[in-house]
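Participant: Data: coords-v8.cif, mmCIF, C-alpha atoms.
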```cif
data_target
loop_
_atom_site.group_PDB
_atom_site.id
_atom_site.type_symbol
_atom_site.label_atom_id
_atom_site.label_comp_id
_atom_site.auth_asym_id
_atom_site.auth_seq_id
_atom_site.Cartn_x
_atom_site.Cartn_y
_atom_site.Cartn_z
ATOM 1 C CA MET A 144 64.227 106.283 83.606
ATOM 2 C CA PRO A 145 67.759 106.562 84.972
ATOM 3 C CA ALA A 146 68.731 103.827 87.386
ATOM 4 C CA MET A 147 71.618 103.984 89.809
ATOM 5 C CA HIS A 148 73.720 101.979 92.192
ATOM 6 C CA TYR A 149 74.815 103.112 95.613
ATOM 7 C CA THR A 150 77.363 101.644 97.969
ATOM 8 C CA VAL A 151 76.833 101.334 101.705
ATOM 9 C CA ARG A 152 79.174 100.198 104.471
ATOM 10 C CA TRP A 153 77.585 98.174 107.258
ATOM 11 C CA PRO A 154 78.595 98.352 110.929
ATOM 12 C CA ASP A 155 80.966 95.377 110.464
ATOM 13 C CA ALA A 156 82.844 97.334 107.722
ATOM 14 C CA THR A 157 81.555 95.138 104.880
ATOM 15 C CA GLN A 158 80.157 96.925 101.858
ATOM 16 C CA SER A 159 77.151 96.310 99.650
ATOM 17 C CA THR A 160 76.395 97.746 96.256
ATOM 18 C CA CYS A 161 72.666 98.359 96.007
ATOM 19 C CA TYR A 162 70.326 99.098 93.112
ATOM 20 C CA SER A 163 67.613 101.716 92.642
ATOM 21 C CA PRO A 164 65.538 102.078 89.478
ATOM 22 C CA SER A 165 65.440 105.835 90.086
ATOM 23 C CA LEU A 166 67.794 108.594 91.189
ATOM 24 C CA VAL A 167 65.459 109.302 94.130
ATOM 25 C CA ILE A 168 67.999 107.695 96.494
ATOM 26 C CA GLN A 169 70.013 110.898 96.130
ATOM 27 C CA ASP A 170 67.139 112.793 97.780
ATOM 28 C CA PHE A 171 67.362 110.623 100.894
ATOM 29 C CA PHE A 172 71.089 110.079 101.415
ATOM 30 C CA GLN A 173 74.395 111.900 101.142
ATOM 31 C CA PRO A 174 77.641 110.109 100.273
ATOM 32 C CA GLY A 175 80.052 110.195 103.183
ATOM 33 C CA GLN A 176 77.242 110.361 105.740
ATOM 34 C CA ASP A 177 76.465 107.896 108.535
ATOM 35 C CA TYR A 178 72.859 106.996 109.346
ATOM 36 C CA PRO A 179 71.583 105.200 112.436
ATOM 37 C CA LEU A 180 70.339 101.784 111.347
ATOM 38 C CA ASP A 181 66.647 102.515 111.997
ATOM 39 C CA ASP A 182 66.861 105.851 110.163
ATOM 40 C CA PHE A 183 68.686 104.226 107.255
ATOM 41 C CA LEU A 184 65.972 101.576 106.955
ATOM 42 C CA ARG A 185 63.172 104.150 107.142
ATOM 43 C CA ARG A 186 64.806 106.239 104.422
ATOM 44 C CA VAL A 187 65.611 103.324 102.114
ATOM 45 C CA ARG A 188 62.076 101.950 102.436
ATOM 46 C CA GLU A 189 60.576 105.321 101.527
ATOM 47 C CA ALA A 190 62.997 105.922 98.659
ATOM 48 C CA THR A 191 62.439 102.422 97.282
ATOM 49 C CA ALA A 192 58.661 102.867 97.412
ATOM 50 C CA ILE A 193 58.928 106.142 95.493
ATOM 51 C CA ALA A 194 61.294 104.610 92.933
ATOM 52 C CA SER A 195 59.010 101.628 92.431
ATOM 53 C CA ASP A 196 55.989 103.926 92.069
ATOM 54 C CA ARG A 197 57.847 105.853 89.369
ATOM 55 C CA VAL A 198 58.472 102.616 87.492
ATOM 56 C CA ARG A 199 54.797 101.664 87.880
ATOM 57 C CA ALA A 200 53.700 105.061 86.542
ATOM 58 C CA LYS A 201 55.969 104.776 83.516
ATOM 59 C CA PHE A 202 55.687 101.075 82.669
ATOM 60 C CA GLY A 203 52.501 99.899 84.371
ATOM 61 C CA PHE A 204 54.170 97.565 86.885
ATOM 62 C CA ALA A 205 56.353 97.860 89.980
ATOM 63 C CA CYS A 206 60.087 97.216 89.861
ATOM 64 C CA SER A 207 60.784 93.706 91.130
ATOM 65 C CA MET A 208 64.526 94.424 91.277
ATOM 66 C CA ALA A 209 63.852 97.282 93.712
ATOM 67 C CA ALA A 210 61.680 95.017 95.851
ATOM 68 C CA ASP A 211 64.363 92.302 95.829
ATOM 69 C CA GLN A 212 67.024 94.853 96.764
ATOM 70 C CA LEU A 213 64.950 96.065 99.702
ATOM 71 C CA VAL A 214 64.595 92.492 100.960
ATOM 72 C CA GLU A 215 68.387 92.075 100.764
ATOM 73 C CA ILE A 216 68.960 95.321 102.668
ATOM 74 C CA GLU A 217 66.447 94.431 105.374
ATOM 75 C CA THR A 218 67.915 90.944 105.719
ATOM 76 C CA ARG A 219 71.430 92.356 106.085
ATOM 77 C CA ALA A 220 70.242 95.008 108.551
ATOM 78 C CA ARG A 221 68.853 92.307 110.852
ATOM 79 C CA ASP A 222 72.448 91.230 111.510
ATOM 80 C CA PHE A 223 72.931 94.530 113.348
ATOM 81 C CA SER A 224 69.531 94.988 114.979
ATOM 82 C CA GLU A 225 70.973 94.174 118.405
ATOM 83 C CA THR A 226 74.160 96.222 117.921
ATOM 84 C CA PRO A 227 73.995 99.376 120.071
ATOM 85 C CA GLY A 228 74.608 102.497 118.011
ATOM 86 C CA ALA A 229 74.711 100.602 114.700
ATOM 87 C CA GLN A 230 75.145 102.965 111.774
ATOM 88 C CA VAL A 231 75.197 102.530 108.017
ATOM 89 C CA HIS A 232 77.642 104.649 106.034
ATOM 90 C CA VAL A 233 76.662 105.730 102.529
ATOM 91 C CA VAL A 234 79.915 105.458 100.579
ATOM 92 C CA ALA A 235 79.017 106.586 97.072
ATOM 93 C CA PHE A 236 76.460 106.902 94.302
ATOM 94 C CA ASP A 237 77.044 105.557 90.821
ATOM 95 C CA THR A 238 74.670 106.836 88.170
ATOM 96 C CA GLY A 239 76.768 105.404 85.369
ATOM 97 C CA THR A 240 77.219 108.818 83.815
ATOM 98 C CA ALA A 241 80.825 109.432 84.842
#
```
Take the structure in this file and express it as structure tokens.

Facilitator:
Amino acid sequence: MPAMHYTVRWPDATQSTCYSPSLVIQDFFQPGQDYPLDDFLRRVREATAIASDRVRAKFGFACSMAADQLVEIETRARDFSETPGAQVHVVAFDTGTA
């Protein structure tokens, strides 16, 4: 199962490199696009659930790294929950195939 990393830029201009055990993230985000914080969280939760389900189907257990990554994203997003108009910018995908 191909895993990937993706880079996001938070409203304070810091960046995070995130992990997904599946390429499904590419179905939910476009590099170079901004997403309102709530929309970003909705999308990343759904994509992470799908990715984890794919791991469970293939290996018989959920992906703990995906769950840990989601916790990190949600924790970081709380820093901006009171910021009007907060958006997350998807910088790039890295599938490791370049």

Participant: My list of candidates is A:Ile216, A:Cys161, A:Val231, A:Met208. Which is closest to Asp182 (chain A) when distances are computed with all atoms listed in the file?

Facilitator: A:Val231

Participant: Between A:Gly239, A:Pro154, A:Pro145, A:Gly203, single out the one closest to Pro179 (chain A), counting only C-alpha atoms.

Facilitator: A:Pro154

Participant: Quick one: of A:Thr218, A:Thr160, A:Thr238, A:Gln212, who's nearest to Thr191 (chain A), counting all atoms listed in the file?

Facilitator: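 Closest to Thr191 (chain A) of all the choices is A:Gln212.
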
Participant: For a test of reading the model, state the distance in Å between CA of Arg199 (chain A) and CA of Pro164 (chain A), rounded to one decimal.

Facilitator: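 Taking CA of Arg199 (chain A) and CA of Pro164 (chain A), their separation equals 10.9 Å.
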
Participant: Show me, as a list in words, the residues that have an atom within 9 Å of Asp155 (chain A) when counting all atoms listed in the file, minus same-chain residues fewer than 3 positions from it.

Facilitator: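 Here the answer would be Arg152, Gln158 and Phe223 of chain A.
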
Participant: So, with all atoms listed in the file as the atoms that count, which of A:Asp170, A:Ser165, A:Asp222, A:Leu213 lies closest to Lys201 (chain A)?

Facilitator: A:Ser165

Participant: Evaluate the PyMOL selection byres ((chain A and resi 176) around 10) against this structure - the residues, as a count of residues only, please.

Facilitator: 13

Participant: Calculate how many Å separate CA of Cys206 (chain A) from CA of Ala156 (chain A), rounding to one decimal.

Facilitator: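 Computed distance, CA of Cys206 (chain A) to CA of Ala156 (chain A), equals 28.9 Å.
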
Participant: Rank A:Ala146, A:Ala220, A:Ala205, A:Leu184 by their smallest atom-to-atom distance to Tyr162 (chain A), using all atoms listed in the file, and report the top residue only.

Facilitator: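 For Tyr162 (chain A), the nearest of the given residues is A:Ala146.
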
Participant: Grab the CA of Ser195 (chain A) to CA of Asp181 (chain A) distance for me, in Å with one decimal place.

Facilitator: 21.0 Å

Participant: So that I can see what lies close to Leu166 (chain A), please list as a PyMOL selection string the residues with an atom at most 10 Å from it, counting all atoms listed in the file and leaving out residues fewer than 5 positions away in the same chain.

Facilitator: chain A and resi 144-149+171+190+194+236-238

Participant: Given the choices A:Asp211, A:Phe204, A:Ser163, A:Trp153, which gets closest to Thr226 (chain A) if the distance is worked out from all atoms listed in the file?

Facilitator: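 The shortest atom-to-atom distance to Thr226 (chain A) comes from A:Trp153.
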